[in-house]
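K.L.:
This is the content of start.json (JSON, C-alpha atoms):
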[["chain", "number", "residue", "atom", "x", "y", "z"],
["A", 1, "GLN", "CA", 100.91, 146.35, 31.22],
["A", 2, "VAL", "CA", 102.31, 148.94, 28.85],
["A", 3, "GLN", "CA", 100.30, 150.94, 26.35],
["A", 4, "LEU", "CA", 101.79, 152.40, 23.18],
["A", 5, "VAL", "CA", 100.19, 154.88, 20.80],
["A", 6, "GLU", "CA", 101.99, 156.02, 17.66],
["A", 7, "SER", "CA", 101.36, 159.24, 15.75],
["A", 8, "GLY", "CA", 103.01, 161.45, 13.16],
["A", 9, "GLY", "CA", 102.77, 159.36, 10.04],
["A", 10, "GLY", "CA", 101.67, 160.76, 6.70],
["A", 11, "LEU", "CA", 102.61, 161.53, 3.14],
["A", 12, "VAL", "CA", 106.00, 163.13, 2.50],
["A", 13, "GLN", "CA", 108.00, 163.79, -0.64],
["A", 14, "PRO", "CA", 111.33, 162.07, -1.28],
["A", 15, "GLY", "CA", 114.11, 163.91, 0.51],
["A", 16, "GLY", "CA", 111.70, 165.21, 3.14],
["A", 17, "SER", "CA", 111.59, 164.72, 6.89],
["A", 18, "LEU", "CA", 109.07, 163.41, 9.36],
["A", 19, "ARG", "CA", 108.97, 162.83, 13.10],
["A", 20, "LEU", "CA", 107.07, 159.90, 14.56],
["A", 21, "SER", "CA", 105.98, 159.86, 18.19],
["A", 22, "CYS", "CA", 105.08, 156.97, 20.47],
["A", 23, "ALA", "CA", 103.31, 157.76, 23.73],
["A", 24, "VAL", "CA", 104.19, 155.13, 26.32],
["A", 25, "SER", "CA", 102.12, 154.69, 29.46],
["A", 26, "GLY", "CA", 101.41, 152.08, 32.11],
["A", 27, "SER", "CA", 104.12, 150.07, 33.83],
["A", 28, "ILE", "CA", 106.96, 152.10, 32.33],
["A", 29, "PHE", "CA", 109.39, 150.90, 35.03],
["A", 30, "THR", "CA", 109.28, 147.39, 33.56],
["A", 31, "ILE", "CA", 110.65, 148.47, 30.16],
["A", 32, "ASN", "CA", 114.20, 147.48, 29.19],
["A", 33, "ALA", "CA", 114.26, 148.88, 25.67],
["A", 34, "MET", "CA", 112.17, 150.76, 23.14],
["A", 35, "GLY", "CA", 112.22, 150.40, 19.40],
["A", 36, "TRP", "CA", 110.69, 151.30, 16.08],
["A", 37, "TYR", "CA", 109.91, 148.64, 13.52],
["A", 38, "ARG", "CA", 108.39, 148.88, 10.08],
["A", 39, "GLN", "CA", 106.54, 146.63, 7.70],
["A", 40, "ALA", "CA", 106.23, 147.37, 4.02],
["A", 41, "PRO", "CA", 103.56, 145.67, 1.86],
["A", 42, "GLY", "CA", 104.52, 142.07, 1.17],
["A", 43, "LYS", "CA", 107.55, 142.20, 3.44],
["A", 44, "GLN", "CA", 108.39, 141.07, 6.95],
["A", 45, "ARG", "CA", 108.46, 143.44, 9.86],
["A", 46, "GLU", "CA", 111.98, 144.73, 10.44],
["A", 47, "LEU", "CA", 113.84, 146.64, 13.10],
["A", 48, "VAL", "CA", 114.45, 150.28, 12.26],
["A", 49, "ALA", "CA", 115.93, 151.66, 15.47],
["A", 50, "ALA", "CA", 116.13, 150.69, 19.13],
["A", 51, "LYS", "CA", 117.32, 152.24, 22.36],
["A", 52, "THR", "CA", 117.90, 150.58, 25.73],
["A", 53, "VAL", "CA", 117.29, 152.19, 29.12],
["A", 54, "GLY", "CA", 121.07, 152.34, 29.40],
["A", 55, "GLY", "CA", 121.24, 154.54, 26.33],
["A", 56, "SER", "CA", 122.64, 152.09, 23.78],
["A", 57, "THR", "CA", 121.20, 152.47, 20.30],
["A", 58, "ASP", "CA", 120.96, 150.23, 17.26],
["A", 59, "TYR", "CA", 119.92, 151.12, 13.73],
["A", 60, "ALA", "CA", 119.19, 149.19, 10.57],
["A", 61, "ASP", "CA", 121.94, 149.75, 8.02],
["A", 62, "SER", "CA", 119.41, 151.22, 5.60],
["A", 63, "VAL", "CA", 118.58, 154.12, 7.93],
["A", 64, "LYS", "CA", 121.93, 154.86, 9.58],
["A", 65, "GLY", "CA", 122.77, 158.53, 9.29],
["A", 66, "ARG", "CA", 119.20, 159.41, 8.34],
["A", 67, "PHE", "CA", 117.04, 158.31, 11.28],
["A", 68, "THR", "CA", 117.47, 159.05, 14.99],
["A", 69, "ILE", "CA", 115.65, 157.49, 17.93],
["A", 70, "SER", "CA", 115.21, 159.50, 21.12],
["A", 71, "VAL", "CA", 113.27, 159.20, 24.36],
["A", 72, "SER", "CA", 111.63, 161.92, 26.42],
["A", 73, "ARG", "CA", 110.84, 160.98, 30.02],
["A", 74, "ASP", "CA", 108.12, 162.42, 32.21],
["A", 75, "ASN", "CA", 106.79, 161.15, 35.52],
["A", 76, "ALA", "CA", 103.86, 159.14, 34.22],
["A", 77, "GLU", "CA", 104.54, 158.92, 30.53],
["A", 78, "ASN", "CA", 107.45, 158.49, 28.19],
["A", 79, "THR", "CA", 107.54, 159.47, 24.56],
["A", 80, "VAL", "CA", 109.73, 157.77, 22.00],
["A", 81, "TYR", "CA", 110.52, 159.67, 18.84],
["A", 82, "LEU", "CA", 111.84, 158.63, 15.49],
["A", 83, "HIS", "CA", 113.30, 161.53, 13.57],
["A", 84, "MET", "CA", 113.46, 160.63, 9.89],
["A", 85, "THR", "CA", 115.33, 162.69, 7.31],
["A", 86, "SER", "CA", 116.29, 162.26, 3.65],
["A", 87, "LEU", "CA", 113.31, 159.98, 3.22],
["A", 88, "LYS", "CA", 113.21, 157.59, 0.28],
["A", 89, "PRO", "CA", 110.31, 155.80, -1.39],
["A", 90, "GLU", "CA", 111.64, 152.54, 0.06],
["A", 91, "ASP", "CA", 111.02, 153.93, 3.55],
["A", 92, "THR", "CA", 107.29, 153.63, 2.85],
["A", 93, "ALA", "CA", 105.80, 151.30, 5.45],
["A", 94, "VAL", "CA", 103.67, 151.04, 8.53],
["A", 95, "TYR", "CA", 105.87, 152.00, 11.47],
["A", 96, "PHE", "CA", 105.31, 150.30, 14.81],
["A", 97, "CYS", "CA", 106.53, 151.20, 18.27],
["A", 98, "LYS", "CA", 107.64, 148.36, 20.53],
["A", 99, "ALA", "CA", 108.53, 148.13, 24.20],
["A", 100, "ALA", "CA", 110.55, 145.20, 25.52],
["A", 101, "GLY", "CA", 109.80, 144.53, 29.16],
["A", 102, "TRP", "CA", 110.58, 142.22, 32.03],
["A", 103, "GLY", "CA", 110.10, 138.51, 31.48],
["A", 104, "ASN", "CA", 110.54, 138.84, 27.71],
["A", 105, "MET", "CA", 107.25, 140.67, 27.42],
["A", 106, "ASP", "CA", 106.84, 142.66, 24.21],
["A", 107, "TYR", "CA", 104.26, 145.38, 23.75],
["A", 108, "TRP", "CA", 103.28, 146.83, 20.39],
["A", 109, "GLY", "CA", 101.42, 149.84, 19.17],
["A", 110, "LYS", "CA", 98.95, 149.68, 16.29],
["A", 111, "GLY", "CA", 101.26, 151.45, 13.88],
["A", 112, "THR", "CA", 101.29, 154.61, 11.81],
["A", 113, "LEU", "CA", 101.60, 154.73, 8.02],
["A", 114, "VAL", "CA", 104.45, 156.60, 6.36],
["A", 115, "THR", "CA", 104.24, 157.11, 2.61],
["A", 116, "VAL", "CA", 107.16, 158.62, 0.73],
["A", 117, "SER", "CA", 106.07, 159.64, -2.72],
["A", 118, "SER", "CA", 106.11, 162.56, -5.10]]
Could you spell out this file's structure in structure tokens?
P.N.:
Amino acid sequence: QVQLVESGGGLVQPGGSLRLSCAVSGSIFTINAMGWYRQAPGKQRELVAAKTVGGSTDYADSVKGRFTISVSRDNAENTVYLHMTSLKPEDTAVYFCKAAGWGNMDYWGKGTLVTVSS
């Protein structure tokens, strides 16, 4: 099992920056990739950024050049970050952390709300 806990969401003005964190614990060795997804009101959940254990990254076109995913590794716990800059009102959503593990197992956090508004 893998446990994910997001933090760092909040209210930010357009053009501002925010860093989201996802604390990952449990069977970390079974994880193949980590990602951030978001879901805005009335819309489907969408991929924002992902990173494999091999280091490959993928970003939604809407966030390329503005968002960066990174991973910090410790013995018992990893932390996945999403650095967000030049935020726009359309970035407003609940942001979820996801871990993709062995056997097509997906683990999700409960999400953290990001609101971009003046």
K.L.:
Taking only C-alpha atoms into account, name the residue in A:Ser62, A:Gln1, A:Thr79, A:Thr115 that is nearest to Met34 of chain A.
P.N.:
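Residue with the minimum atom-to-atom distance to Met34 of chain A: A:Thr79.
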K.L.:
Using only C-alpha atoms, which of the listed residues (A:Tyr95, A:Ala40, A:Ala33, A:Val5) sits closest to Leu113 of chain A?
P.N.:
A:Tyr95
K.L.:
With only C-alpha atoms as the atoms that count, which of A:Tyr107, A:Trp102, A:Phe96, A:Trp36 lies nearest to Leu82 of chain A?
P.N.:
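With only C-alpha atoms as the atom set, the closest residue is A:Trp36.
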K.L.:
Between A:Leu87, A:Leu18, A:Val94, A:Val114, which residue has the minimum interatomic distance to Arg45 of chain A, considering only C-alpha atoms?
P.N.:
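Looking only at the distances to Arg45 of chain A, the closest residue turns out to be A:Val94.
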K.L.:
So which residues touch Gln13 of chain A within 9 Å, counting all atoms listed in the file, skipping near sequence neighbours fewer than 4 positions away, as a list in words?
P.N.:
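These residues fall inside the cut-off: Ser17, Leu87, Lys88, Pro89, Thr115, Val116, Ser117 and Ser118 of chain A.
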K.L.:
Return the single residue from A:Tyr81, A:Lys98, A:Ala60, A:Arg66 that is closest to Gly111 of chain A, with distances computed using all atoms listed in the file.
P.N.:
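Ranked by minimum distance to Gly111 of chain A, first place goes to A:Lys98.
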K.L.:
If you measure from atom CA of Cys22 of chain A to atom CA of Val48 of chain A, what distance in Å do you get, rounded to one decimal?
P.N.:
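If I compute the distance from atom CA of Cys22 of chain A to atom CA of Val48 of chain A, I get 14.1 Å.
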